[in-house]
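J.: Here you go, one structure.
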Amino acid sequence: MNDVESRLEGAILQRRKKGGRALVPFLTAGYPDRDRFLAALEAAARAGADAIEIGVPFSDPLADGPTIQRTSQRALDQGITLERILDLLEEQRDAIAPPIVLMTYANPILRFGAERFCDRAVRAGIAGILVSDLPPEELPELGRLLSDRGIDRVLLVAPTTRPERAAALARAARGFLYLVTRTGVTGAGGSFSSRLEEQVRTIRSAVSLPILAGFGIRRPEDVDALRDLVDGVVIGARLLEAIEGAGDPAAVDRAVGGFLGPIREALDRG
C-alpha cells in the first residue's frame, strides 16, 4: 500500500472534526454539456462538497438507474469519452478544490490501457477511482498501478455482501468505503436495507476507513436517517434531475446550490 496521505480520507475526516458528515455529489462527466458541467462542478464545491464523484459515461451501465443512464447517453451522444474527460479535468485541475473520485467500469479502462489510464489520472489530479464492476481480485495490476501513484481505490459493499467479504473489501479499499444502502440501481427511492447497521459494525471492527452511503438518497430526510450511522453520503440521481431543466450555466449554478444546500445543512446537524 502506498504511504502517500489519502486526500479523500483527509477531506472526510476534516469534516468530521467540524462535527458534520461528508457530502459527495455525483455528476455525469460532460452533462448536460461542457459549460454546464463545469458550472455544476463549481457550484457543488461552493455548496460544501467535501469530494466530487464524476461518472464516466458508459454504454452499458449495469448499476445505474434511468436518470444516470439518460445523462450518460446524452454525454456519449456529444462525443464524451474517457480521454476527453481526463483532458478536461487536467485543464481544470487548479480550479477544482474538492478531491475528485472518477467512477467508471472496467471496459473503458481496459480499452484505454490500465497503465496509461493511471498515468493520465495522476496528471488530471484525480484522488480516487471507483470501478463499479471490478472486484479487487480481478485485474490486480490496476490496484498496484493506482497504489504506486497514490490514487485511492474506492470499493463498494452491497446489502447482499457477506460479513467476511465486507470486512475483506474494507481492508482492500482506500479513501473511503462506499456502502450501498439498498438493492437495485441508483436513483430509485424507497427504504434502506435492514442490514446497514450490521454491515457498519462489521466494517468498523475491521478498519477505521470512513464509510459513505449511497443509492436512493434523495432528500434531507434520507440524510437524517443515515447521519449517525456513516461518515457521509454520495448523492447523484436527484442532483442530476435538478440540473436537467437548467438551460445555461447560471441556471445550473442555482439548481445545484438550491438542491445541495439543504443536504449540506442536514449533514451538519449535530
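Chains: A, B, ... in order of the C-alpha cells. Residues: from 1 per chain. Ligands: from 1, in order shown.
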What's around stretch 159-176 of chain A at 9 Å? Count only C-alpha atoms, leave out sequence neighbours fewer than 4 positions away in its own chain, and write the answer as number ranges by chain.
T.: A: 6-10, 12, 127-128, 135-136, 151-155, 180-183, 193-196, 198-199, 202-212
J.: Take the residues from that selection and write them out as an mmCIF file, in the first residue's frame, keeping N, CA and C atoms.
T.:
data_model
loop_
_atom_site.group_PDB
_atom_site.id
_atom_site.type_symbol
_atom_site.label_atom_id
_atom_site.label_comp_id
_atom_site.auth_asym_id
_atom_site.auth_seq_id
_atom_site.Cartn_x
_atom_site.Cartn_y
_atom_site.Cartn_z
ATOM 1 N N SER A 6 -3.944 9.987 2.012
ATOM 2 C CA SER A 6 -5.148 9.954 1.194
ATOM 3 C C SER A 6 -5.858 11.299 1.259
ATOM 4 N N ARG A 7 -5.987 11.968 0.116
ATOM 5 C CA ARG A 7 -6.711 13.230 0.077
ATOM 6 C C ARG A 7 -8.185 13.022 0.383
ATOM 7 N N LEU A 8 -8.745 11.921 -0.091
ATOM 8 C CA LEU A 8 -10.166 11.653 0.161
ATOM 9 C C LEU A 8 -10.425 11.444 1.641
ATOM 10 N N GLU A 9 -9.675 10.541 2.241
ATOM 11 C CA GLU A 9 -9.877 10.272 3.665
ATOM 12 C C GLU A 9 -9.635 11.538 4.483
ATOM 13 N N GLY A 10 -8.621 12.298 4.116
ATOM 14 C CA GLY A 10 -8.335 13.523 4.840
ATOM 15 C C GLY A 10 -9.486 14.509 4.787
ATOM 16 N N ILE A 12 -12.698 13.826 4.318
ATOM 17 C CA ILE A 12 -13.826 13.299 5.089
ATOM 18 C C ILE A 12 -13.593 13.468 6.577
ATOM 19 N N ALA A 127 -8.115 11.946 -7.293
ATOM 20 C CA ALA A 127 -7.741 11.430 -5.977
ATOM 21 C C ALA A 127 -8.149 9.976 -5.780
ATOM 22 N N GLY A 128 -9.218 9.539 -6.449
ATOM 23 C CA GLY A 128 -9.703 8.179 -6.240
ATOM 24 C C GLY A 128 -10.395 7.637 -7.477
ATOM 25 N N PRO A 135 -14.198 -6.408 -9.046
ATOM 26 C CA PRO A 135 -13.729 -6.751 -7.698
ATOM 27 C C PRO A 135 -12.209 -6.577 -7.614
ATOM 28 N N PRO A 136 -11.686 -6.325 -6.420
ATOM 29 C CA PRO A 136 -10.249 -6.055 -6.303
ATOM 30 C C PRO A 136 -9.370 -7.233 -6.708
ATOM 31 N N ILE A 151 -3.173 6.987 -5.799
ATOM 32 C CA ILE A 151 -4.592 7.172 -6.096
ATOM 33 C C ILE A 151 -5.391 6.137 -5.315
ATOM 34 N N ASP A 152 -6.414 6.583 -4.605
ATOM 35 C CA ASP A 152 -7.220 5.683 -3.782
ATOM 36 C C ASP A 152 -8.085 4.766 -4.634
ATOM 37 N N ARG A 153 -8.281 3.559 -4.154
ATOM 38 C CA ARG A 153 -9.202 2.604 -4.780
ATOM 39 C C ARG A 153 -10.438 2.506 -3.885
ATOM 40 N N VAL A 154 -11.506 3.144 -4.301
ATOM 41 C CA VAL A 154 -12.767 3.096 -3.563
ATOM 42 C C VAL A 154 -13.510 1.830 -3.963
ATOM 43 N N LEU A 155 -14.038 1.107 -2.976
ATOM 44 C CA LEU A 155 -14.741 -0.139 -3.248
ATOM 45 C C LEU A 155 -16.162 -0.083 -2.697
ATOM 46 N N VAL A 180 -23.536 0.634 -0.196
ATOM 47 C CA VAL A 180 -24.772 0.726 -0.973
ATOM 48 C C VAL A 180 -25.946 0.503 -0.023
ATOM 49 N N THR A 181 -26.891 1.444 0.003
ATOM 50 C CA THR A 181 -27.937 1.426 1.027
ATOM 51 C C THR A 181 -29.107 0.508 0.720
ATOM 52 N N ARG A 182 -29.232 0.095 -0.531
ATOM 53 C CA ARG A 182 -30.406 -0.687 -0.911
ATOM 54 C C ARG A 182 -30.063 -1.517 -2.139
ATOM 55 N N THR A 183 -30.823 -2.576 -2.377
ATOM 56 C CA THR A 183 -30.631 -3.365 -3.588
ATOM 57 C C THR A 183 -31.225 -2.619 -4.775
ATOM 58 N N SER A 193 -31.714 -0.729 3.299
ATOM 59 C CA SER A 193 -31.545 -2.114 3.726
ATOM 60 C C SER A 193 -31.587 -2.226 5.254
ATOM 61 N N SER A 194 -32.220 -3.270 5.726
ATOM 62 C CA SER A 194 -32.283 -3.515 7.168
ATOM 63 C C SER A 194 -30.944 -4.003 7.714
ATOM 64 N N ARG A 195 -29.983 -4.294 6.834
ATOM 65 C CA ARG A 195 -28.688 -4.819 7.253
ATOM 66 C C ARG A 195 -27.634 -3.729 7.428
ATOM 67 N N LEU A 196 -27.974 -2.473 7.187
ATOM 68 C CA LEU A 196 -26.959 -1.431 7.187
ATOM 69 C C LEU A 196 -26.215 -1.349 8.515
ATOM 70 N N GLU A 198 -25.754 -3.587 10.830
ATOM 71 C CA GLU A 198 -24.897 -4.772 10.989
ATOM 72 C C GLU A 198 -23.654 -4.660 10.123
ATOM 73 N N GLN A 199 -23.822 -4.191 8.879
ATOM 74 C CA GLN A 199 -22.674 -4.064 7.992
ATOM 75 C C GLN A 199 -21.693 -3.012 8.499
ATOM 76 N N THR A 202 -19.646 -4.464 11.259
ATOM 77 C CA THR A 202 -18.644 -5.394 10.718
ATOM 78 C C THR A 202 -17.460 -4.637 10.139
ATOM 79 N N ILE A 203 -17.748 -3.608 9.365
ATOM 80 C CA ILE A 203 -16.678 -2.841 8.720
ATOM 81 C C ILE A 203 -15.837 -2.104 9.759
ATOM 82 N N ARG A 204 -16.494 -1.483 10.715
ATOM 83 C CA ARG A 204 -15.749 -0.701 11.717
ATOM 84 C C ARG A 204 -14.915 -1.599 12.627
ATOM 85 N N SER A 205 -15.301 -2.852 12.766
ATOM 86 C CA SER A 205 -14.483 -3.773 13.559
ATOM 87 C C SER A 205 -13.231 -4.207 12.806
ATOM 88 N N ALA A 206 -13.245 -4.007 11.476
ATOM 89 C CA ALA A 206 -12.118 -4.441 10.642
ATOM 90 C C ALA A 206 -11.139 -3.306 10.359
ATOM 91 N N VAL A 207 -11.649 -2.090 10.109
ATOM 92 C CA VAL A 207 -10.800 -0.965 9.716
ATOM 93 C C VAL A 207 -11.369 0.329 10.273
ATOM 94 N N SER A 208 -10.554 1.380 10.229
ATOM 95 C CA SER A 208 -11.016 2.711 10.621
ATOM 96 C C SER A 208 -11.358 3.571 9.409
ATOM 97 N N LEU A 209 -11.408 2.978 8.237
ATOM 98 C CA LEU A 209 -11.677 3.693 6.998
ATOM 99 C C LEU A 209 -13.060 4.346 7.039
ATOM 100 N N PRO A 210 -13.194 5.599 6.553
ATOM 101 C CA PRO A 210 -14.521 6.217 6.513
ATOM 102 C C PRO A 210 -15.493 5.418 5.652
ATOM 103 N N ILE A 211 -16.762 5.457 6.054
ATOM 104 C CA ILE A 211 -17.837 4.781 5.330
ATOM 105 C C ILE A 211 -18.792 5.848 4.814
ATOM 106 N N LEU A 212 -19.026 5.852 3.495
ATOM 107 C CA LEU A 212 -20.012 6.740 2.899
ATOM 108 C C LEU A 212 -21.144 5.912 2.316
#
J.: With only C-alpha atoms as the counted atoms, please give the residues lying no more than 6 Å from stretch 239-254 of chain A, apart from itself and same-chain residues fewer than 5 positions off, as a list in words.
T.: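 Everything that qualifies: Arg36, Ala39 and Ala43 of chain A.
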J.: Next, the residues of the selection above should be written as a compact mmCIF listing (two decimals), in the first residue's frame with C-alpha atoms.
T.:
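The resulting file, out20.txt, is shown below:
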# COMPACT_ATOMS: atom_id res chain seq x y z
CA ARG A 36 -22.91 23.47 -17.75
CA ALA A 39 -20.74 25.18 -13.78
CA ALA A 43 -21.45 25.10 -7.76
J.: I'd like the contact shell of A:Asp119 - 10 Å cut-off, only C-alpha atoms, skipping same-chain residues fewer than 4 positions apart - returned as a PyMOL selection string.
T.: chain A and resi 114-115+123-124+145-146+149
J.: From a DSSP pass on the backbone, collect the residues of stretch 7-223 of chain A flagged as strand (DSSP E) and hand them back as an MDAnalysis selection string.
T.: chainID A and resid 22:28 52:55 100:104 128:131 152:153 155:157 177:180 211:214
J.: To one decimal place in Å, what is the distance between atom CA of A:Gly65 and atom CA of A:Arg238?
T.: 11.1 Å
J.: So, with only C-alpha atoms as the atoms that count, which of A:Gly236, A:Leu41, A:Leu179, A:Gly30 lies closest to A:Leu86?
T.: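 Nearest to A:Leu86: A:Gly30.
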J.: When you count only C-alpha atoms, which of these residues is closest to A:Ile96: A:Asp148, A:Asp228, A:Asp50, A:Glu221?
T.: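 Closest to A:Ile96, using only C-alpha atoms: A:Asp50.
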J.: Tell me, as a list in words, which residues lie within 8 Å of A:Ile126, counting only C-alpha atoms; anything in the same chain fewer than 3 positions away does not count.
T.: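 What passes the distance filter is Pro99, Ile100, Val101, Leu102, Ala121, Val122, Arg123, Ile129 and Ile151 of chain A.
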J.: Could you check which of A:Ile52, A:Leu156, A:Leu89, A:Leu23 is closest to A:Pro220, using only C-alpha atoms?
T.: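 Nearest to A:Pro220: A:Leu23.
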J.: Which polymer residues have any atom within 9 Å of an atom of A:Ser59, counting only C-alpha atoms, with same-chain residues fewer than 3 positions away left out, as a list of chain:residue names?
T.: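 Contacts, in chain order: A:Gln69, A:Ser72, A:Gln73, A:Leu76.
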J.: If DSSP is run on the backbone, what residues of stretch 32-111 of chain A are helix (DSSP H, G or I)? A reply as a VMD selection string would be ideal.
T.: chain A and resid 34 to 46 66 to 77 82 to 91 93 to 95 106 to 111
J.: Please report the interatomic distance between atom CA of A:Asn107 and atom CA of A:Gly55 in Å with one decimal.
T.: 13.8 Å
J.: Could you tell me which of A:Phe117, A:Thr81, A:Asp60, A:Ala51 comes closest to A:Arg15 if we count only C-alpha atoms?
T.: A:Ala51
J.: Give me the residues near A:Arg219 as a PDB file with N, CA and C atoms, in the first residue's frame, where near means some atom within 10 Å (using only C-alpha atoms) and where sequence neighbours in that chain fewer than 4 positions away do not count.
T.:
ATOM      1  N   GLY A 189     -35.957   5.678  -5.107  1.00  0.00           N
ATOM      2  CA  GLY A 189     -36.160   5.871  -3.680  1.00  0.00           C
ATOM      3  C   GLY A 189     -36.580   4.570  -3.018  1.00  0.00           C
ATOM      4  N   VAL A 223     -30.905  11.771   4.583  1.00  0.00           N
ATOM      5  CA  VAL A 223     -29.652  12.053   5.285  1.00  0.00           C
ATOM      6  C   VAL A 223     -29.847  11.906   6.785  1.00  0.00           C
ATOM      7  N   ASP A 224     -30.962  12.421   7.317  1.00  0.00           N
ATOM      8  CA  ASP A 224     -31.233  12.321   8.751  1.00  0.00           C
ATOM      9  C   ASP A 224     -31.234  10.866   9.215  1.00  0.00           C
ATOM     10  N   ILE A 235     -24.564  11.491  -3.326  1.00  0.00           N
ATOM     11  CA  ILE A 235     -25.910  11.779  -3.843  1.00  0.00           C
ATOM     12  C   ILE A 235     -25.803  12.181  -5.300  1.00  0.00           C
ATOM     13  N   ARG A 238     -30.759  12.388  -7.975  1.00  0.00           N
ATOM     14  CA  ARG A 238     -31.652  13.518  -7.697  1.00  0.00           C
ATOM     15  C   ARG A 238     -30.973  14.845  -8.048  1.00  0.00           C
ATOM     16  N   PHE A 259     -30.363  22.692  -4.482  1.00  0.00           N
ATOM     17  CA  PHE A 259     -30.577  21.305  -4.058  1.00  0.00           C
ATOM     18  C   PHE A 259     -29.619  20.885  -2.961  1.00  0.00           C
ATOM     19  N   LEU A 260     -28.335  21.208  -3.127  1.00  0.00           N
ATOM     20  CA  LEU A 260     -27.343  20.722  -2.167  1.00  0.00           C
ATOM     21  C   LEU A 260     -27.360  21.484  -0.846  1.00  0.00           C
ATOM     22  N   PRO A 262     -29.800  22.328   1.394  1.00  0.00           N
ATOM     23  CA  PRO A 262     -30.477  21.606   2.472  1.00  0.00           C
ATOM     24  C   PRO A 262     -29.809  20.275   2.823  1.00  0.00           C
ATOM     25  N   ILE A 263     -29.184  19.616   1.850  1.00  0.00           N
ATOM     26  CA  ILE A 263     -28.465  18.381   2.129  1.00  0.00           C
ATOM     27  C   ILE A 263     -27.249  18.668   3.013  1.00  0.00           C
ATOM     28  N   ALA A 266     -28.393  19.285   6.531  1.00  0.00           N
ATOM     29  CA  ALA A 266     -28.752  18.044   7.224  1.00  0.00           C
ATOM     30  C   ALA A 266     -27.520  17.287   7.675  1.00  0.00           C
TER      31      ALA A 266
END
J.: Nearest to A:Tyr105: which of A:Cys118, A:Leu142, A:Val200, A:Val56 is it, counting only C-alpha atoms?
T.: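 That would be A:Val56, the residue with the smallest distance to A:Tyr105.
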J.: What separation in Å, quoted to one decimal, exists between atom CA of A:Thr104 and atom CA of A:Leu134?
T.: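 Distance reported for this atom pair: 9.7 Å.
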